[in-house]
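The file query_3.txt comes next; it holds compact mmCIF, C-alpha atoms and all ligand atoms.
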# COMPACT_ATOMS: atom_id res chain seq x y z
CA MET A 1 192.10 254.14 115.23
CA ASP A 2 193.50 257.56 116.08
CA TYR A 3 195.10 260.58 114.44
CA PHE A 4 198.53 260.36 116.09
CA GLN A 5 200.67 259.11 113.22
CA ILE A 6 204.24 259.34 112.01
CA LYS A 7 204.62 261.63 108.97
CA ASN A 8 208.02 262.54 107.51
CA GLY A 9 209.74 260.72 110.35
CA GLU A 10 207.97 262.61 113.12
CA LEU A 11 204.91 261.82 115.21
CA HIS A 12 202.07 264.24 114.46
CA ALA A 13 198.79 264.99 116.18
CA GLU A 14 196.57 265.30 113.09
CA ASP A 15 198.65 267.74 110.99
CA VAL A 16 200.74 269.20 113.80
CA PRO A 17 204.26 267.90 114.47
CA LEU A 18 204.67 267.23 118.17
CA SER A 19 207.99 269.08 118.33
CA ARG A 20 206.03 272.25 117.48
CA ILE A 21 203.75 271.66 120.46
CA ALA A 22 206.72 271.05 122.76
CA GLU A 23 208.32 274.32 121.63
CA GLU A 24 205.16 276.34 121.99
CA PHE A 25 203.68 274.87 125.17
CA GLY A 26 206.56 273.11 126.90
CA THR A 27 206.47 269.59 128.33
CA PRO A 28 204.93 267.59 129.84
CA VAL A 29 201.70 268.37 128.02
CA TYR A 30 198.56 266.40 127.19
CA ILE A 31 197.53 266.59 123.54
CA TYR A 32 193.98 265.82 122.42
CA SER A 33 192.92 265.23 118.83
CA ARG A 34 189.52 266.68 118.00
CA ALA A 35 189.14 264.45 114.94
CA THR A 36 189.80 261.35 117.06
CA LEU A 37 187.28 262.39 119.70
CA GLU A 38 184.67 263.03 117.05
CA ARG A 39 185.39 259.78 115.28
CA HIS A 40 184.88 257.85 118.50
CA THR A 41 181.56 259.51 119.30
CA ARG A 42 180.36 258.50 115.83
CA VAL A 43 181.67 254.95 116.00
CA PHE A 44 180.00 254.50 119.38
CA ARG A 45 176.70 255.89 118.11
CA GLU A 46 176.84 253.75 114.96
CA GLY A 47 177.50 250.67 117.11
CA LEU A 48 174.13 251.27 118.74
CA ALA A 49 172.26 251.74 115.48
CA GLY A 50 170.41 248.43 115.93
CA LEU A 51 168.58 249.48 119.11
CA GLU A 52 164.79 249.70 119.06
CA LYS A 53 164.73 253.30 120.34
CA LYS A 54 167.19 256.16 119.99
CA PRO A 55 169.54 255.90 122.98
CA HIS A 56 170.66 258.70 125.28
CA LEU A 57 174.44 259.10 125.26
CA ALA A 58 176.12 260.69 128.26
CA PHE A 59 179.89 261.15 128.18
CA ALA A 60 181.50 260.10 131.49
CA VAL A 61 182.96 263.47 132.45
CA LYS A 62 185.33 261.88 134.97
CA SER A 63 187.31 260.37 132.10
CA ASN A 64 188.20 263.77 130.67
CA PRO A 65 186.51 266.84 132.12
CA ASN A 66 188.40 269.42 130.06
CA LEU A 67 185.93 272.08 128.89
CA ALA A 68 187.05 271.91 125.27
CA VAL A 69 186.65 268.12 125.26
CA LEU A 70 183.17 268.48 126.75
CA ARG A 71 182.33 271.07 124.09
CA VAL A 72 183.26 268.55 121.39
CA MET A 73 180.96 266.04 123.09
CA ALA A 74 178.09 268.54 123.31
CA ARG A 75 178.49 269.35 119.61
CA GLU A 76 178.26 265.64 118.84
CA GLY A 77 174.95 265.48 120.69
CA PHE A 78 176.29 263.83 123.85
CA GLY A 79 175.01 264.67 127.29
CA ALA A 80 177.06 264.08 130.41
CA ASP A 81 177.38 261.57 133.21
CA VAL A 82 178.62 263.57 136.21
CA VAL A 83 179.64 262.51 139.71
CA SER A 84 180.10 265.80 141.55
CA GLY A 85 178.86 269.37 141.66
CA GLY A 86 182.12 270.36 139.98
CA GLU A 87 181.52 268.04 137.03
CA LEU A 88 177.92 269.21 136.79
CA ALA A 89 179.07 272.83 136.57
CA ARG A 90 181.62 271.93 133.88
CA ALA A 91 179.06 270.08 131.77
CA LEU A 92 176.76 273.11 131.86
CA ALA A 93 179.66 275.49 131.18
CA ALA A 94 180.59 273.41 128.13
CA GLY A 95 177.08 273.88 126.72
CA MET A 96 175.39 270.63 127.65
CA LYS A 97 171.67 270.87 128.29
CA PRO A 98 170.60 270.19 131.90
CA GLU A 99 168.08 267.58 130.75
CA ASP A 100 170.92 265.64 129.09
CA ILE A 101 172.85 265.32 132.35
CA VAL A 102 172.81 262.23 134.56
CA PHE A 103 174.16 262.51 138.11
CA SER A 104 175.81 259.30 139.45
CA GLY A 105 177.81 258.59 142.58
CA VAL A 106 177.35 257.11 146.06
CA GLY A 107 178.19 260.24 148.01
CA LYS A 108 176.19 263.09 146.52
CA THR A 109 175.92 265.67 149.26
CA TRP A 110 172.74 267.55 150.15
CA ALA A 111 174.23 270.60 148.41
CA GLU A 112 174.96 268.57 145.27
CA LEU A 113 171.45 267.10 145.20
CA GLU A 114 170.13 270.64 145.56
CA LEU A 115 172.34 271.86 142.72
CA GLY A 116 171.03 269.08 140.48
CA LEU A 117 167.44 270.06 141.26
CA GLU A 118 168.13 273.75 140.82
CA LYS A 119 169.63 273.14 137.39
CA GLY A 120 166.86 270.73 136.40
CA ILE A 121 169.09 267.82 135.39
CA GLY A 122 167.70 264.89 133.45
CA GLN A 123 168.26 262.08 135.92
CA PHE A 124 169.68 261.26 139.32
CA ASN A 125 171.13 257.75 139.52
CA ILE A 126 170.51 257.04 143.16
CA GLU A 127 172.70 254.50 144.86
CA SER A 128 170.92 253.83 148.17
CA GLU A 129 167.50 254.08 149.74
CA GLU A 130 168.94 256.69 152.10
CA GLU A 131 169.90 258.89 149.17
CA GLY A 132 166.48 258.41 147.59
CA LEU A 133 164.75 259.50 150.80
CA GLU A 134 166.94 262.60 151.09
CA LEU A 135 166.37 263.55 147.47
CA ALA A 136 162.61 263.03 147.83
CA GLU A 137 162.53 265.30 150.88
CA LEU A 138 164.57 267.99 149.20
CA ALA A 139 162.60 267.87 145.94
CA ALA A 140 159.25 267.98 147.75
CA GLU A 141 160.47 270.94 149.82
CA ARG A 142 161.31 272.75 146.60
CA GLY A 143 158.03 271.75 144.92
CA GLN A 144 159.93 269.71 142.33
CA THR A 145 159.98 266.15 141.10
CA ALA A 146 163.38 264.49 140.66
CA ARG A 147 163.64 262.04 137.77
CA CYS A 148 165.53 259.02 139.09
CA ALA A 149 167.00 255.68 138.24
CA LEU A 150 167.97 253.19 140.93
CA ARG A 151 171.50 251.88 140.48
CA VAL A 152 171.66 248.15 141.02
CA ASN A 153 174.68 246.15 142.08
CA PRO A 154 174.29 242.90 140.12
CA ASP A 155 177.09 241.08 141.98
CA ILE A 156 179.10 240.29 138.88
CA ASP A 157 182.84 240.10 138.54
CA ALA A 158 183.67 242.25 135.54
CA GLY A 159 187.10 240.64 135.21
CA THR A 160 188.95 243.96 135.39
CA HIS A 161 191.43 245.53 137.83
CA GLU A 162 189.95 245.35 141.34
CA LYS A 163 190.27 249.11 141.86
CA ILE A 164 188.02 249.84 138.89
CA SER A 165 185.53 247.03 139.39
CA THR A 166 182.16 248.32 140.64
CA GLY A 167 179.58 245.56 140.28
CA LYS A 168 180.56 243.03 142.94
CA ALA A 169 178.41 242.73 146.05
CA ASP A 170 181.17 244.05 148.30
CA ASN A 171 181.77 247.15 146.14
CA LYS A 172 180.16 250.33 147.45
CA PHE A 173 178.11 250.96 144.32
CA GLY A 174 174.40 250.40 143.72
CA VAL A 175 171.84 248.59 145.85
CA PRO A 176 171.92 244.82 146.35
CA ILE A 177 170.05 243.17 143.52
CA ASP A 178 167.82 241.13 145.82
CA MET A 179 166.56 244.33 147.47
CA ALA A 180 166.16 246.36 144.28
CA VAL A 181 162.56 245.65 143.28
CA ALA A 182 161.01 246.32 146.70
CA MET A 183 163.16 249.42 147.18
CA TYR A 184 162.23 250.75 143.74
CA LEU A 185 158.55 250.34 144.45
CA ARG A 186 158.88 252.03 147.87
CA LEU A 187 160.79 254.96 146.39
CA ALA A 188 158.28 255.26 143.54
CA LYS A 189 155.56 256.06 146.10
CA LEU A 190 157.39 259.11 147.43
CA PRO A 191 156.16 262.51 146.34
CA GLY A 192 159.21 264.30 145.02
CA LEU A 193 160.57 261.34 143.08
CA GLU A 194 159.71 260.04 139.65
CA MET A 195 161.28 256.59 139.54
CA ARG A 196 161.74 256.03 135.84
CA GLY A 197 164.31 253.33 135.61
CA LEU A 198 167.33 251.28 136.60
CA ALA A 199 171.05 251.85 136.18
CA VAL A 200 174.02 249.49 136.20
CA HIS A 201 177.77 249.86 135.72
CA ILE A 202 180.01 246.94 136.63
CA GLY A 203 183.45 248.37 135.98
CA SER A 204 185.84 249.99 133.58
CA GLN A 205 188.36 248.81 130.97
CA LEU A 206 186.25 245.70 130.32
CA SER A 207 187.84 243.37 127.81
CA ASP A 208 185.10 240.75 127.82
CA LEU A 209 181.45 241.38 126.96
CA ARG A 210 180.18 238.31 128.78
CA PRO A 211 180.02 239.82 132.32
CA LEU A 212 178.27 242.87 130.88
CA GLU A 213 175.78 240.64 129.14
CA LEU A 214 175.07 238.75 132.37
CA ALA A 215 174.56 242.03 134.21
CA PHE A 216 172.19 243.33 131.54
CA GLU A 217 170.20 240.09 131.62
CA LYS A 218 169.77 240.48 135.36
CA ILE A 219 168.57 244.06 134.85
CA GLY A 220 166.09 242.88 132.20
CA ALA A 221 164.61 240.46 134.72
CA LEU A 222 164.22 243.29 137.25
CA VAL A 223 162.43 245.46 134.68
CA GLN A 224 159.86 242.69 134.24
CA GLN A 225 159.49 242.18 137.99
CA ILE A 226 158.96 245.88 138.65
CA ARG A 227 156.37 246.11 135.90
CA GLY A 228 154.74 242.92 137.10
CA ALA A 229 154.31 244.57 140.51
CA GLY A 230 152.68 247.62 138.95
CA GLY A 231 155.77 249.86 138.72
CA SER A 232 156.79 251.84 135.67
CA VAL A 233 160.18 251.60 133.94
CA THR A 234 160.84 253.83 130.94
CA HIS A 235 164.64 254.17 131.08
CA VAL A 236 167.58 251.84 131.70
CA ASP A 237 171.09 253.24 132.03
CA LEU A 238 173.65 250.61 131.03
CA GLY A 239 176.66 252.64 132.19
CA GLY A 240 180.04 252.66 130.48
CA GLY A 241 183.04 250.39 130.81
CA LEU A 242 184.05 249.31 127.33
CA GLY A 243 187.82 248.73 127.29
CA VAL A 244 190.37 250.11 124.85
CA PRO A 245 193.67 248.65 123.65
CA TYR A 246 196.63 250.07 125.58
CA ARG A 247 199.24 247.89 123.88
CA ALA A 248 199.83 247.70 120.17
CA GLY A 249 198.13 244.54 118.95
CA GLU A 250 195.77 244.18 121.92
CA VAL A 251 192.22 243.43 120.77
CA MET A 252 189.14 244.70 122.57
CA PRO A 253 185.45 244.24 121.81
CA SER A 254 184.44 246.95 119.35
CA PRO A 255 181.53 249.34 119.86
CA ALA A 256 179.80 247.38 117.09
CA ASP A 257 180.24 244.07 119.01
CA TYR A 258 179.03 245.79 122.15
CA GLY A 259 176.06 247.36 120.34
CA SER A 260 174.89 244.10 118.84
CA MET A 261 175.13 242.36 122.22
CA VAL A 262 173.09 245.18 123.81
CA ALA A 263 170.50 245.08 121.01
CA ARG A 264 170.11 241.32 121.44
CA VAL A 265 169.82 241.36 125.23
CA THR A 266 167.50 244.36 125.48
CA ARG A 267 165.10 243.41 122.67
CA GLY A 268 161.53 243.91 123.84
CA TRP A 269 162.42 245.89 126.98
CA ASP A 270 160.56 248.91 125.58
CA VAL A 271 162.72 251.48 127.34
CA THR A 272 165.05 254.30 126.35
CA LEU A 273 168.54 252.98 126.89
CA MET A 274 171.18 255.29 128.28
CA PHE A 275 174.97 254.89 128.06
CA GLU A 276 177.87 256.49 129.93
CA PRO A 277 181.00 255.82 127.89
CA GLY A 278 184.22 257.54 128.89
CA ARG A 279 187.45 255.72 128.05
CA VAL A 280 186.25 254.33 124.72
CA ILE A 281 185.60 257.89 123.53
CA ALA A 282 188.54 259.76 125.03
CA GLY A 283 191.22 257.12 125.69
CA ASN A 284 193.24 257.05 122.51
CA ALA A 285 192.22 260.61 121.56
CA GLY A 286 195.02 261.84 123.80
CA VAL A 287 198.75 261.40 124.39
CA LEU A 288 201.05 262.76 127.07
CA LEU A 289 204.08 264.40 125.45
CA THR A 290 207.23 264.34 127.55
CA ARG A 291 210.93 265.10 127.17
CA VAL A 292 213.81 262.91 128.29
CA VAL A 293 215.63 264.68 131.14
CA ARG A 294 218.53 262.26 131.02
CA VAL A 295 219.41 258.62 130.54
CA LYS A 296 221.00 257.07 133.58
CA ARG A 297 223.20 254.11 132.75
CA ASN A 298 224.15 251.83 135.60
CA GLY A 299 226.86 249.59 134.25
CA ASN A 300 225.35 246.40 132.94
CA ARG A 301 221.93 247.07 134.43
CA VAL A 302 218.90 248.20 132.43
CA PRO A 303 219.21 251.98 131.96
CA PHE A 304 216.71 254.42 133.39
CA VAL A 305 215.13 256.78 130.90
CA ILE A 306 214.13 259.67 133.15
CA VAL A 307 211.37 261.78 131.58
CA ASP A 308 209.91 265.10 132.69
CA ALA A 309 206.41 263.61 133.13
CA ALA A 310 205.73 261.86 136.41
CA MET A 311 203.14 259.93 138.37
CA ASN A 312 201.51 263.21 139.36
CA ASP A 313 200.77 263.90 135.67
CA LEU A 314 199.76 260.37 134.66
CA ALA A 315 198.84 258.30 137.70
CA ARG A 316 197.56 255.13 136.03
CA PRO A 317 200.82 253.13 135.94
CA ALA A 318 201.56 253.90 139.60
CA LEU A 319 197.99 253.30 140.75
CA TYR A 320 196.97 250.28 138.73
CA GLY A 321 200.20 249.03 137.19
CA SER A 322 198.74 250.07 133.83
CA TRP A 323 200.60 249.78 130.57
CA HIS A 324 200.86 252.81 128.26
CA ASP A 325 202.70 252.41 124.98
CA PHE A 326 205.74 254.70 124.96
CA ASP A 327 207.10 255.91 121.63
CA ALA A 328 209.73 258.36 120.46
CA VAL A 329 208.45 261.38 118.58
CA ARG A 330 211.30 261.00 116.05
CA PRO A 331 212.15 257.28 116.06
CA SER A 332 215.63 256.62 114.72
CA GLY A 333 214.98 252.96 114.03
CA GLN A 334 217.31 252.00 116.88
CA ARG A 335 215.75 250.23 119.87
CA MET A 336 216.67 249.87 123.54
CA VAL A 337 215.37 248.20 126.67
CA ALA A 338 214.82 250.68 129.48
CA ASN A 339 213.06 251.45 132.71
CA ILE A 340 210.91 254.52 132.05
CA VAL A 341 210.64 256.67 135.17
CA GLY A 342 209.67 260.17 136.24
CA PRO A 343 211.57 262.51 138.56
CA ILE A 344 209.35 262.08 141.64
CA CYS A 345 210.97 260.87 144.80
CA GLU A 346 209.34 257.50 145.18
CA THR A 347 209.84 254.23 143.40
CA GLY A 348 206.15 254.17 142.45
CA ASP A 349 206.98 256.89 139.94
CA THR A 350 207.73 254.24 137.34
CA PHE A 351 205.92 254.10 134.02
CA ALA A 352 207.48 250.87 132.78
CA MET A 353 210.21 248.38 133.67
CA ASP A 354 212.30 246.50 131.13
CA ARG A 355 210.40 248.12 128.29
CA ALA A 356 211.55 247.53 124.72
CA THR A 357 211.31 251.01 123.29
CA ASP A 358 212.72 253.40 120.71
CA ALA A 359 216.28 254.41 121.56
CA LEU A 360 216.19 257.71 123.42
CA GLU A 361 218.74 260.24 124.55
CA ARG A 362 218.71 263.36 126.67
CA GLY A 363 216.41 266.03 125.17
CA ASP A 364 214.43 263.63 122.96
CA LEU A 365 210.64 263.84 122.90
CA ALA A 366 208.41 260.83 123.50
CA VAL A 367 204.74 260.11 124.17
CA PHE A 368 202.70 257.96 126.45
CA ARG A 369 199.81 256.88 124.29
CA THR A 370 196.17 256.34 125.16
CA ALA A 371 196.31 259.02 127.81
CA GLY A 372 193.17 260.93 126.83
CA ALA A 373 191.03 259.24 129.49
CA TYR A 374 191.88 259.24 133.21
CA GLY A 375 195.05 261.19 132.43
CA ALA A 376 195.14 264.92 133.18
CA THR A 377 192.00 264.58 135.27
CA MET A 378 193.84 262.43 137.82
CA ALA A 379 196.83 264.77 138.04
CA SER A 380 198.04 266.14 141.35
CA SER A 381 200.72 268.61 142.38
CA TYR A 382 202.76 266.06 144.34
CA ASN A 383 206.40 267.07 144.82
CA SER A 384 205.21 270.65 144.11
CA ARG A 385 205.31 270.03 140.39
CA GLY A 386 202.27 272.08 139.40
CA PHE A 387 199.46 270.87 137.16
CA VAL A 388 200.20 269.65 133.64
CA ALA A 389 199.07 271.67 130.59
CA GLU A 390 196.60 270.43 127.97
CA VAL A 391 196.25 271.37 124.29
CA MET A 392 193.82 270.39 121.56
CA VAL A 393 194.67 269.92 117.91
CA ASP A 394 192.24 270.36 115.03
CA GLY A 395 193.84 269.77 111.62
CA ASP A 396 196.81 272.13 111.57
CA LYS A 397 195.53 274.25 114.46
CA VAL A 398 196.61 273.84 118.06
CA ALA A 399 195.34 275.69 121.11
CA SER A 400 195.88 275.55 124.85
CA VAL A 401 192.78 274.09 126.48
CA ALA A 402 194.25 274.15 130.02
CA ASP A 403 197.20 276.30 130.96
CA ARG A 404 199.90 274.78 133.10
CA ILE A 405 199.28 275.68 136.77
CA LEU A 406 202.62 276.67 138.17
CA PRO A 407 203.84 275.73 141.65
CA ALA A 408 203.86 279.43 142.54
CA GLU A 409 200.15 279.68 141.71
CA ILE A 410 199.47 276.82 144.10
CA THR A 411 201.52 278.29 146.93
CA ALA A 412 199.70 281.60 146.35
CA ALA A 413 196.58 279.92 147.77
CA GLU A 414 198.42 278.76 150.91
CA ARG A 415 198.64 280.79 154.10
CA VAL A 416 200.93 280.89 157.11
CA PRO A 417 198.83 282.03 160.10
CA ASP A 418 200.33 284.98 161.96
CA TRP A 419 200.35 282.92 165.18
CA LEU A 420 203.18 280.94 163.66
CA ASP A 421 205.35 284.05 163.62
N1 LIG A 501 179.59 255.34 134.59
C1 LIG A 501 179.96 255.14 135.87
C2 LIG A 501 178.91 255.06 136.89
C3 LIG A 501 181.31 254.99 136.20
O1 LIG A 501 181.64 254.76 137.47
C4 LIG A 501 182.29 255.06 135.19
C5 LIG A 501 183.72 254.93 135.51
C6 LIG A 501 181.87 255.29 133.87
C7 LIG A 501 180.51 255.42 133.60
C8 LIG A 501 182.82 255.40 132.73
O2 LIG A 501 183.50 254.22 132.52
P1 LIG A 501 184.42 254.02 131.21
O3 LIG A 501 183.51 253.97 130.01
O4 LIG A 501 185.34 255.16 131.13
O5 LIG A 501 185.10 252.75 131.47
N2 LIG A 501 190.64 255.84 136.92
C9 LIG A 501 190.42 254.52 136.35
C10 LIG A 501 189.02 254.36 135.79
C11 LIG A 501 187.92 254.61 136.80
C12 LIG A 501 186.54 254.45 136.22
C13 LIG A 501 185.49 254.85 137.18
N3 LIG A 501 184.16 254.79 136.70
C14 LIG A 501 191.47 254.25 135.29
O6 LIG A 501 192.34 255.10 135.08
O7 LIG A 501 191.50 253.18 134.69

Show how you would write the structure in this file as structure tokens.
Ligand code: LLP
Amino acid sequence: MDYFQIKNGELHAEDVPLSRIAEEFGTPVYIYSRATLERHTRVFREGLAGLEKKPHLAFAVKSNPNLAVLRVMAREGFGADVVSGGELARALAAGMKPEDIVFSGVGKTWAELELGLEKGIGQFNIESEEEGLELAELAAERGQTARCALRVNPDIDAGTHEKISTGKADNKFGVPIDMAVAMYLRLAKLPGLEMRGLAVHIGSQLSDLRPLELAFEKIGALVQQIRGAGGSVTHVDLGGGLGVPYRAGEVMPSPADYGSMVARVTRGWDVTLMFEPGRVIAGNAGVLLTRVVRVKRNGNRVPFVIVDAAMNDLARPALYGSWHDFDAVRPSGQRMVANIVGPICETGDTFAMDRATDALERGDLAVFRTAGAYGATMASSYNSRGFVAEVMVDGDKVASVADRILPAEITAAERVPDWLD
């Protein structure tokens, strides 16, 4: 459910017609709906209402790090799951409390670990013994204790795209499950660390709850083993990963289905559960608005609808072959079959082939739906196109939440050394 609906023949974001946004902010532009974001935070929270203890919710900043989006999350009582010093700084800038921030990632640098300690974040999810030893040394040096969870790799195939699968033994994430208990107990002895729990995240865009359930069962067994060996476990971070429908009619497990599975599997664990949802909160709270540059007809072949958005603005189709529904802002009722492409000079800049879509002509506006997660955040300036703009809508209000970064602003940061003269 989202608040991008047709009213009076035109697609609106809440109460704002998209043509108004195109006029005011230009295209391509990402549009986020505040009401949709808020609705999803509530639906996710309500899905977890059956848990024994109040959970800790940390929005996966990587899915949409825009400051205004993070502010909405903070207002809804969400903390943040961050994976870099940059994301940590954003979460704080958006008003999240340091103790509500979890720091994940396999490659946290010494400087990033230090930043986390300096800011007093809630939890480091450590992904190797090496990282744990470094963090212990650094924390002890600073006279601090770092609250930690050990991320476990449960060796489970999440059944998602291989590039976004994280819980198989040959993925770089987490420590091998057969080494986890002994490693946890070793790390727990180090001054500087407070080992308080385990973390797991097996992948993203998960359409089946079964692999998640298997992973959580394995984690439950580890909790018992650690306690049995005298260790303490007060927190378990179950990660994110819940999928969203990208195609009209596609059905995904709901937050309520997910929540009841979690409640069933974790009954009796006696821990505070933590969650790191990203896509399920932000995914369909955003669209990418684009304008048709021209329609290229090649005789009897399928025509190319060339839009002003490209793979540098929305990378998912080029990177993962992902589907995004594509709809006209003012559908005429006529339909066409088209290849939807951007202007970038490589064939990978293709959003869809042979797509049945609303009939479109030069100058028409259209949207890629479900672009609120892993959209703008994965943008680049390839082909010197600059960085795409972002706006947020709230009822009938609309505001820029990220100005377009123009190619000239990017070249302004480049230098030609005088020895090239
Ligand atoms: N926690 C951890 C440790 C993660 O690695 C991720 C996502 C999340 C939470 C949030 O997962 P979500 O709830 O959003 O599924 N760029 C890809 C997605 C990469 C996801 C990486 N990790 C895409 O566009 O599909």

Around ligand LIG 501 (chain A), with edges along x, y and z and 5 Å added on all six sides, what centre and edge lengths do you get, in Å to one decimal, as lines of an AutoDock Vina configuration file?
center_x = 185.6
center_y = 254.3
center_z = 133.7
size_x = 23.4
size_y = 13.1
size_z = 17.5

As an exercise, work out the distance from atom CA of A:Ile281 to atom CA of A:His40 in Å and give it to one decimal place.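 Separating atom CA of A:Ile281 from atom CA of A:His40 is a distance of 5.1 Å.
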
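With only C-alpha atoms and all ligand atoms as the atoms that count, the set of residues no farther than 6 Å from ligand LIG 501 (chain A) is Ala60, Ser63, Ser104, Ile164, His201, Ser204, Gln205, Gly239, Gly240, Gly241, Leu242, Glu276, Pro277, Gly278, Arg279, Val280, Arg316 and Tyr374 of chain A.
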
Hey, which of A:Ile6, A:Ile410, A:Val29, A:Met96 ends up closest to A:Asp308? Count all atoms listed in the file.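 Looking only at the distances to A:Asp308, the closest residue turns out to be A:Val29.
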
Selected residue, from A:Thr377, A:Thr266, A:Thr160, A:Ser400, that lies nearest to A:Pro55 when counting all atoms listed in the file: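 Checking each of A:Thr377, A:Thr266, A:Thr160, A:Ser400 against A:Pro55, counting all atoms listed in the file, the winner is A:Thr266.
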
How close does stretch 256-330 of chain A get to stretch 212-228 of chain A? List, as CSV, each residue of stretch 256-330 of chain A within 12 Å, its nearest atom pair and the distance in Å to one decimal, counting only C-alpha atoms.
residue,atom,partner,partner_atom,distance
A:Asp257,CA,A:Glu213,CA,11.6
A:Tyr258,CA,A:Leu212,CA,9.2
A:Gly259,CA,A:Glu213,CA,11.1
A:Ser260,CA,A:Glu213,CA,10.9
A:Met261,CA,A:Glu213,CA,7.2
A:Val262,CA,A:Glu213,CA,7.5
A:Ala263,CA,A:Glu213,CA,10.7
A:Arg264,CA,A:Glu213,CA,9.6
A:Val265,CA,A:Glu217,CA,6.5
A:Thr266,CA,A:Gly220,CA,7.0
A:Arg267,CA,A:Gly220,CA,9.6
A:Gly268,CA,A:Gly220,CA,9.6
A:Trp269,CA,A:Gly220,CA,7.1
A:Asp270,CA,A:Val223,CA,9.9
A:Val271,CA,A:Val223,CA,9.5
A:Leu273,CA,A:Phe216,CA,11.3

Dump of C-alpha atoms for the selected residues, as a PDB file, in the frame of the given file:
ATOM      1  CA  ASP A 257     180.240 244.070 119.010  1.00  0.00           C
ATOM      2  CA  TYR A 258     179.030 245.790 122.150  1.00  0.00           C
ATOM      3  CA  GLY A 259     176.060 247.360 120.340  1.00  0.00           C
ATOM      4  CA  SER A 260     174.890 244.100 118.840  1.00  0.00           C
ATOM      5  CA  MET A 261     175.130 242.360 122.220  1.00  0.00           C
ATOM      6  CA  VAL A 262     173.090 245.180 123.810  1.00  0.00           C
ATOM      7  CA  ALA A 263     170.500 245.080 121.010  1.00  0.00           C
ATOM      8  CA  ARG A 264     170.110 241.320 121.440  1.00  0.00           C
ATOM      9  CA  VAL A 265     169.820 241.360 125.230  1.00  0.00           C
ATOM     10  CA  THR A 266     167.500 244.360 125.480  1.00  0.00           C
ATOM     11  CA  ARG A 267     165.100 243.410 122.670  1.00  0.00           C
ATOM     12  CA  GLY A 268     161.530 243.910 123.840  1.00  0.00           C
ATOM     13  CA  TRP A 269     162.420 245.890 126.980  1.00  0.00           C
ATOM     14  CA  ASP A 270     160.560 248.910 125.580  1.00  0.00           C
ATOM     15  CA  VAL A 271     162.720 251.480 127.340  1.00  0.00           C
ATOM     16  CA  LEU A 273     168.540 252.980 126.890  1.00  0.00           C
TER      17      LEU A 273
END

Interatomic distance, atom CA of A:Lys172 to atom CA of A:Leu67 (Å, one decimal):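 About the pair atom CA of A:Lys172 and atom CA of A:Leu67: they are 29.2 Å apart.
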
For stretch 137-144 of chain A, work out the shell of residues within 12 Å, counting all atoms listed in the file and skipping chain neighbours fewer than 5 positions away, then give it as a PyMOL selection string. chain A and resi 109-121+124+130-132+187+190-194

Could you tell me which of A:Arg34, A:Ile177, A:Gly79, A:Ala13 comes closest to A:Glu127 if we count all atoms listed in the file? A:Ile177

Counting only C-alpha atoms, which residues sit no farther than 9 Å from the position (211.2, 261.6, 134.0) in the file's frame? I'd like them as a list in words.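 It turns out the residues near that spot are Thr290, Arg291, Val292, Val293, Arg294, Val305, Ile306, Val307, Asp308, Ala309, Ala310, Ile340, Val341, Gly342, Pro343, Ile344, Asp349 and Thr350 of chain A.
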
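For the pair atom CA of A:Gly203 and atom CA of A:Val244, the interatomic distance is 13.2 Å.
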
Considering all atoms listed in the file, give me a table of residues in stretch 2-68 of chain A that are at most 12 Å from stretch 360-371 of chain A, with the closest atom pair and distance in Å for each, as a Markdown table.
| residue | atom | partner | partner_atom | distance |
| --- | --- | --- | --- | --- |
| A:Asp2 | CA | A:Thr370 | CA | 9.5 |
| A:Tyr3 | CA | A:Arg369 | CA | 11.5 |
| A:Phe4 | CA | A:Arg369 | CA | 9.0 |
| A:Gln5 | CA | A:Arg369 | CA | 11.3 |
| A:Glu10 | CA | A:Leu365 | CA | 10.2 |
| A:Leu11 | CA | A:Ala366 | CA | 9.1 |
| A:His12 | CA | A:Val367 | CA | 10.9 |
| A:Ala13 | CA | A:Val367 | CA | 11.1 |
| A:Pro17 | CA | A:Leu365 | CA | 11.3 |
| A:Leu18 | CA | A:Leu365 | CA | 8.3 |
| A:Ser19 | CA | A:Leu365 | CA | 7.4 |
| A:Arg20 | CA | A:Leu365 | CA | 11.0 |
| A:Ile21 | CA | A:Leu365 | CA | 10.7 |
| A:Ala22 | CA | A:Leu365 | CA | 8.2 |
| A:Glu23 | CA | A:Leu365 | CA | 10.8 |
| A:Gly26 | CA | A:Leu365 | CA | 10.9 |
| A:Thr27 | CA | A:Leu365 | CA | 8.9 |
| A:Pro28 | CA | A:Val367 | CA | 9.4 |
| A:Val29 | CA | A:Val367 | CA | 9.6 |
| A:Tyr30 | CA | A:Ala371 | CA | 7.7 |
| A:Ile31 | CA | A:Ala371 | CA | 8.8 |
| A:Tyr32 | CA | A:Ala371 | CA | 9.0 |
| A:Ser33 | CA | A:Thr370 | CA | 11.4 |
| A:Thr36 | CA | A:Thr370 | CA | 11.5 |
| A:Ser63 | CA | A:Ala371 | CA | 10.1 |
| A:Asn64 | CA | A:Ala371 | CA | 9.8 |

Dig up all the protein and nucleic acid residues within 7 Å of (165.1, 253.7, 132.8) in the file frame, using all atoms listed in the file, and format them as a PyMOL selection string. chain A and resi 149+196-198+233-237+271-273

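Of the listed residues A:Tyr184, A:Met179, A:Ile202, A:Tyr246, the one whose atoms come nearest to A:Ile156 is A:Ile202, with distances taken using all atoms listed in the file.
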
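The neighbours of A:Ala338 here are the residues that come within 8 Å of it, using all atoms listed in the file and leaving out any residue fewer than 4 positions away in the same chain; they are A:Val302, A:Pro303, A:Phe304, A:Val305, A:Met353, A:Asp354, A:Arg355, A:Ala356, A:Thr357.
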